[in-house]
>>> print(open('input00.txt').read())   # compact mmCIF, C-alpha atoms
# COMPACT_ATOMS: atom_id res chain seq x y z
CA LYS A 625 98.56 168.56 -83.08
CA LEU A 626 98.05 166.28 -80.07
CA LEU A 627 95.09 163.97 -79.87
CA PRO A 628 92.88 164.10 -76.78
CA LEU A 629 93.80 161.49 -74.20
CA SER A 630 90.59 159.57 -74.86
CA GLU A 631 91.70 158.99 -78.48
CA ARG A 632 95.32 158.01 -77.82
CA GLN A 633 96.66 154.47 -77.55
CA ILE A 634 97.63 153.94 -73.89
CA TYR A 635 100.32 151.41 -72.96
CA HIS A 636 100.72 149.43 -69.76
CA GLY A 637 103.28 151.15 -67.52
CA ARG A 638 105.42 148.09 -66.89
CA SER A 639 104.89 145.65 -69.74
CA TRP A 640 104.37 148.19 -72.57
CA VAL A 641 101.46 146.14 -73.89
CA PRO A 642 98.68 148.27 -75.38
CA MET A 643 95.94 148.66 -72.76
CA THR A 644 92.35 147.85 -73.54
CA GLU A 645 89.23 149.54 -72.27
CA ASN A 646 89.13 147.05 -69.38
CA LYS A 647 91.49 149.28 -67.34
CA GLU A 648 94.00 146.63 -66.30
CA ASN A 649 95.68 147.18 -62.97
CA GLU A 650 99.34 148.15 -63.52
CA SER A 651 100.54 146.84 -60.16
CA GLU A 652 99.73 143.23 -61.06
CA CYS A 653 102.88 142.75 -63.15
CA GLY A 654 105.43 140.31 -61.80
CA PHE A 655 109.10 140.44 -62.73
CA ASP A 656 110.28 137.26 -61.05
CA TRP A 657 110.88 135.73 -64.48
CA ILE A 658 113.68 138.23 -65.17
CA ASN A 659 115.91 136.78 -62.44
CA LYS A 660 115.33 133.23 -63.69
CA PHE A 661 115.98 134.31 -67.28
CA SER A 662 119.17 136.11 -66.21
CA GLU A 663 120.34 133.00 -64.37
CA LEU A 664 119.72 130.87 -67.46
CA LYS A 665 121.66 133.32 -69.65
CA VAL A 666 124.61 133.25 -67.22
CA ASP A 667 124.55 129.43 -67.29
CA GLU A 668 124.93 129.54 -71.08
CA ILE A 669 128.31 131.32 -70.87
CA ALA A 670 130.85 128.65 -71.71
CA ASP A 671 134.08 130.26 -70.47
CA MET A 672 133.00 130.76 -66.84
CA ASN A 673 133.35 128.21 -64.06
CA SER A 674 130.49 127.44 -61.68
CA SER A 675 131.80 129.78 -58.97
CA GLU A 676 131.98 132.70 -61.40
CA LYS A 677 128.45 131.95 -62.56
CA MET A 678 127.22 131.79 -58.96
CA MET A 679 128.87 135.13 -58.18
CA MET A 680 127.37 136.74 -61.28
CA THR A 681 123.90 135.41 -60.41
CA LEU A 682 124.22 136.73 -56.84
CA TRP A 683 125.21 140.15 -58.17
CA ASN A 684 122.51 140.27 -60.86
CA THR A 685 119.79 139.29 -58.40
CA TYR A 686 120.96 141.95 -55.95
CA TYR A 687 121.42 144.67 -58.57
CA ASP A 688 117.97 144.03 -60.09
CA ARG A 689 116.40 145.73 -57.08
CA TYR A 690 118.09 148.98 -58.09
CA ALA A 691 116.98 149.24 -61.70
CA GLY A 692 118.03 152.59 -63.11
CA THR A 693 120.80 153.20 -60.60
CA GLY A 694 123.84 154.29 -62.51
CA VAL A 695 127.57 154.19 -62.03
CA ARG A 696 127.45 157.15 -59.67
CA HIS A 697 126.24 154.99 -56.76
CA MET A 698 128.15 151.82 -57.58
CA ASP A 699 130.56 152.16 -54.63
CA LYS A 700 127.65 152.26 -52.21
CA LEU A 701 125.84 149.39 -53.94
CA LEU A 702 128.92 147.15 -53.93
CA LEU A 703 129.60 147.82 -50.26
CA GLU A 704 125.98 147.02 -49.41
CA PHE A 705 126.13 143.91 -51.59
CA THR A 706 129.22 142.59 -49.80
CA GLN A 707 127.61 143.22 -46.41
CA LEU A 708 124.31 141.56 -47.32
CA LYS A 709 125.80 138.60 -49.17
CA SER A 710 128.98 138.06 -47.12
CA SER A 711 127.73 134.90 -45.41
CA ILE A 712 126.80 133.29 -48.76
CA ILE A 713 130.09 134.40 -50.31
CA ILE A 714 132.06 132.84 -47.43
CA GLN A 715 129.94 129.64 -47.27
CA LYS A 716 130.25 129.02 -51.01
CA ASN A 717 133.94 130.00 -51.06
CA LEU A 718 133.38 132.86 -53.52
CA ILE A 719 135.84 135.31 -51.95
CA ARG A 720 138.27 135.20 -54.90
CA ASN A 721 135.35 135.69 -57.27
CA LEU A 722 134.20 138.71 -55.27
CA VAL A 723 137.70 140.22 -55.41
CA SER A 724 137.79 139.59 -59.16
CA HIS A 725 134.34 141.18 -59.50
CA LEU A 726 135.45 144.25 -57.54
CA SER A 727 138.71 144.46 -59.52
CA SER A 728 136.78 144.44 -62.79
CA PHE A 729 134.68 147.36 -61.60
CA HIS A 730 137.79 149.20 -60.43
CA ASN A 731 139.67 148.59 -63.69
CA ALA A 732 136.69 149.95 -65.61
CA GLY A 733 136.80 153.10 -63.45
CA VAL A 734 133.38 152.43 -61.98
CA ILE A 735 134.44 152.26 -58.32
CA LYS A 736 137.16 153.87 -56.21
CA HIS A 737 140.25 152.07 -55.01
CA SER A 738 139.05 152.46 -51.41
CA THR A 739 135.95 150.40 -52.22
CA VAL A 740 138.07 147.46 -53.37
>>> encode(input="input00.txt", output="structure tokens")
Amino acid sequence: KLLPLSERQIYHGRSWVPMTENKENESECGFDWINKFSELKVDEIADMNSSEKMMMTLWNTYYDRYAGTGVRHMDKLLLEFTQLKSSIIIQKNLIRNLVSHLSSFHNAGVIKHSTV
């Protein structure tokens, strides 16, 4: 039997912390820390050079905006990513890293050959 809503424990929609009777505002959550944490985790990978790490951080920061987007739209996302980040990729000489990134997705069957 279900309890009435007034007797259930309600959790914050973004942080999953149990809500109190103070009715916290759910829109006040910030997720900027996730990008910094992700960047720190990428820096800890020992067998990647600095260009690979930079490429991975660029991709992770971009892809974070599309949380929940699955493999089905990866071709579109990668094409948009290359368009939006092309100047940074060229300036930082990350073209080979981008090709390697695209090849990895293609080899895994995530994107079409035409996307590469």
>>> atom_distance(input="input00.txt", atom1="atom CA of A:Asn731", atom2="atom CA of A:Lys660")
28.8 Å
>>> residues_around(input="input00.txt", residues="A:Thr681", least_positions_apart="2", cutoff="10 Å", atoms="only C-alpha atoms", output="list in words")
Asn659, Lys660, Ser662, Glu663, Leu664, Lys665, Val666, Asp667, Ser675, Glu676, Lys677, Met678, Met679, Trp683, Asn684, Thr685, Tyr686 and Tyr687 of chain A
>>> residues_around(input="input00.txt", residues="A:Thr706", least_positions_apart="5", cutoff="12 Å", atoms="only C-alpha atoms", output="PyMOL selection string")
chain A and resi 679+682-683+686-687+699-701+711-714+718-719+721-723+725-726+739-740
>>> residues_near_point(input="input00.txt", point="(92.1, 154.1, -74.7)", cutoff="6 Å", atoms="all atoms listed in the file", output="ChimeraX atom specification")
/A:630,632-634,645
>>> atom_distance(input="input00.txt", atom1="atom CA of A:Met680", atom2="atom CA of A:His697")
18.8 Å
>>> atom_distance(input="input00.txt", atom1="atom CA of A:Ala732", atom2="atom CA of A:Met672")
19.6 Å
>>> decode(input="input00.txt", residues="stretch 714-730 of chain A", atoms="all heavy atoms", output="tab-separated table (two decimals), in the first residue's frame")
chain	number	residue	atom	x	y	z
A	714	ILE	N	42.30	23.34	-34.05
A	714	ILE	CA	43.36	23.77	-34.98
A	714	ILE	C	44.44	24.55	-34.24
A	714	ILE	O	45.63	24.30	-34.41
A	714	ILE	CB	42.76	24.58	-36.14
A	714	ILE	CG1	41.93	23.66	-37.03
A	714	ILE	CG2	43.86	25.27	-36.96
A	714	ILE	CD1	41.06	24.38	-38.04
A	715	GLN	N	44.03	25.50	-33.38
A	715	GLN	CA	44.99	26.32	-32.63
A	715	GLN	C	45.90	25.48	-31.75
A	715	GLN	O	47.10	25.74	-31.65
A	715	GLN	CB	44.26	27.33	-31.74
A	715	GLN	CG	43.66	28.49	-32.46
A	715	GLN	CD	42.82	29.35	-31.52
A	715	GLN	OE1	42.58	29.01	-30.37
A	715	GLN	NE2	42.36	30.49	-32.04
A	716	LYS	N	45.34	24.46	-31.12
A	716	LYS	CA	46.11	23.64	-30.18
A	716	LYS	C	46.73	22.41	-30.86
A	716	LYS	O	47.29	21.55	-30.20
A	716	LYS	CB	45.22	23.17	-29.03
A	716	LYS	CG	44.50	24.31	-28.34
A	716	LYS	CD	45.07	24.56	-27.00
A	716	LYS	CE	44.27	25.68	-26.33
A	716	LYS	NZ	44.99	26.37	-25.36
A	717	ASN	N	46.59	22.34	-32.19
A	717	ASN	CA	47.16	21.26	-32.98
A	717	ASN	C	46.66	19.89	-32.50
A	717	ASN	O	47.44	18.97	-32.27
A	717	ASN	CB	48.69	21.32	-32.96
A	717	ASN	CG	49.31	20.51	-34.07
A	717	ASN	OD1	48.65	20.23	-35.08
A	717	ASN	ND2	50.55	20.11	-33.90
A	718	LEU	N	45.34	19.77	-32.37
A	718	LEU	CA	44.72	18.53	-31.89
A	718	LEU	C	44.03	17.75	-33.00
A	718	LEU	O	43.21	16.87	-32.73
A	718	LEU	CB	43.69	18.87	-30.79
A	718	LEU	CG	44.20	19.59	-29.56
A	718	LEU	CD1	43.06	19.97	-28.64
A	718	LEU	CD2	45.20	18.72	-28.82
A	719	ILE	N	44.38	18.03	-34.24
A	719	ILE	CA	43.70	17.40	-35.38
A	719	ILE	C	43.90	15.88	-35.36
A	719	ILE	O	42.95	15.12	-35.53
A	719	ILE	CB	44.17	18.01	-36.71
A	719	ILE	CG1	43.77	19.50	-36.74
A	719	ILE	CG2	43.57	17.28	-37.90
A	719	ILE	CD1	44.37	20.30	-37.83
A	720	ARG	N	45.12	15.42	-35.13
A	720	ARG	CA	45.38	13.98	-35.06
A	720	ARG	C	44.60	13.34	-33.92
A	720	ARG	O	44.11	12.22	-34.03
A	720	ARG	CB	46.87	13.70	-34.91
A	720	ARG	CG	47.65	13.98	-36.17
A	720	ARG	CD	49.12	13.57	-36.00
A	720	ARG	NE	49.89	14.11	-37.08
A	720	ARG	CZ	50.65	15.19	-37.01
A	720	ARG	NH1	50.78	15.85	-35.88
A	720	ARG	NH2	51.32	15.61	-38.06
A	721	ASN	N	44.50	14.06	-32.80
A	721	ASN	CA	43.75	13.54	-31.66
A	721	ASN	C	42.26	13.45	-31.98
A	721	ASN	O	41.60	12.51	-31.55
A	721	ASN	CB	43.98	14.42	-30.44
A	721	ASN	CG	45.44	14.47	-30.05
A	721	ASN	OD1	46.13	15.42	-30.40
A	721	ASN	ND2	45.92	13.45	-29.36
A	722	LEU	N	41.75	14.43	-32.74
A	722	LEU	CA	40.35	14.38	-33.15
A	722	LEU	C	40.11	13.18	-34.06
A	722	LEU	O	39.13	12.45	-33.88
A	722	LEU	CB	39.95	15.67	-33.87
A	722	LEU	CG	38.55	15.67	-34.48
A	722	LEU	CD1	37.48	15.56	-33.39
A	722	LEU	CD2	38.34	16.91	-35.33
A	723	VAL	N	41.01	12.96	-35.02
A	723	VAL	CA	40.86	11.82	-35.92
A	723	VAL	C	40.91	10.51	-35.13
A	723	VAL	O	40.12	9.59	-35.37
A	723	VAL	CB	41.95	11.85	-37.03
A	723	VAL	CG1	41.94	10.57	-37.85
A	723	VAL	CG2	41.74	13.05	-37.94
A	724	SER	N	41.81	10.43	-34.18
A	724	SER	CA	41.88	9.23	-33.32
A	724	SER	C	40.60	9.06	-32.52
A	724	SER	O	40.08	7.94	-32.38
A	724	SER	CB	43.08	9.37	-32.37
A	724	SER	OG	43.12	8.31	-31.47
A	725	HIS	N	40.06	10.15	-32.00
A	725	HIS	CA	38.81	10.13	-31.25
A	725	HIS	C	37.65	9.62	-32.12
A	725	HIS	O	36.90	8.74	-31.72
A	725	HIS	CB	38.53	11.56	-30.76
A	725	HIS	CG	37.45	11.70	-29.76
A	725	HIS	ND1	37.53	11.20	-28.49
A	725	HIS	CD2	36.24	12.31	-29.84
A	725	HIS	CE1	36.43	11.50	-27.82
A	725	HIS	NE2	35.63	12.16	-28.62
A	726	LEU	N	37.57	10.17	-33.34
A	726	LEU	CA	36.53	9.74	-34.28
A	726	LEU	C	36.72	8.27	-34.67
A	726	LEU	O	35.74	7.52	-34.76
A	726	LEU	CB	36.54	10.63	-35.52
A	726	LEU	CG	36.17	12.10	-35.32
A	726	LEU	CD1	36.39	12.88	-36.60
A	726	LEU	CD2	34.74	12.24	-34.84
A	727	SER	N	37.96	7.87	-34.89
A	727	SER	CA	38.24	6.47	-35.26
A	727	SER	C	37.83	5.51	-34.15
A	727	SER	O	37.31	4.43	-34.42
A	727	SER	CB	39.72	6.29	-35.56
A	727	SER	OG	40.09	7.05	-36.68
A	728	SER	N	38.06	5.90	-32.91
A	728	SER	CA	37.65	5.06	-31.78
A	728	SER	C	36.15	4.86	-31.76
A	728	SER	O	35.66	3.75	-31.55
A	728	SER	CB	38.10	5.68	-30.46
A	728	SER	OG	39.49	5.75	-30.38
A	729	PHE	N	35.42	5.94	-32.00
A	729	PHE	CA	33.95	5.83	-32.06
A	729	PHE	C	33.52	4.95	-33.23
A	729	PHE	O	32.60	4.15	-33.11
A	729	PHE	CB	33.30	7.21	-32.18
A	729	PHE	CG	33.15	7.92	-30.87
A	729	PHE	CD1	33.84	9.10	-30.62
A	729	PHE	CD2	32.30	7.44	-29.88
A	729	PHE	CE1	33.69	9.76	-29.42
A	729	PHE	CE2	32.14	8.10	-28.68
A	729	PHE	CZ	32.85	9.27	-28.45
A	730	HIS	N	34.19	5.10	-34.37
A	730	HIS	CA	33.84	4.31	-35.54
A	730	HIS	C	34.15	2.84	-35.31
A	730	HIS	O	33.34	1.96	-35.63
A	730	HIS	CB	34.58	4.84	-36.77
A	730	HIS	CG	34.27	4.06	-38.01
A	730	HIS	ND1	35.10	3.07	-38.48
A	730	HIS	CD2	33.21	4.11	-38.85
A	730	HIS	CE1	34.57	2.55	-39.57
A	730	HIS	NE2	33.42	3.16	-39.82
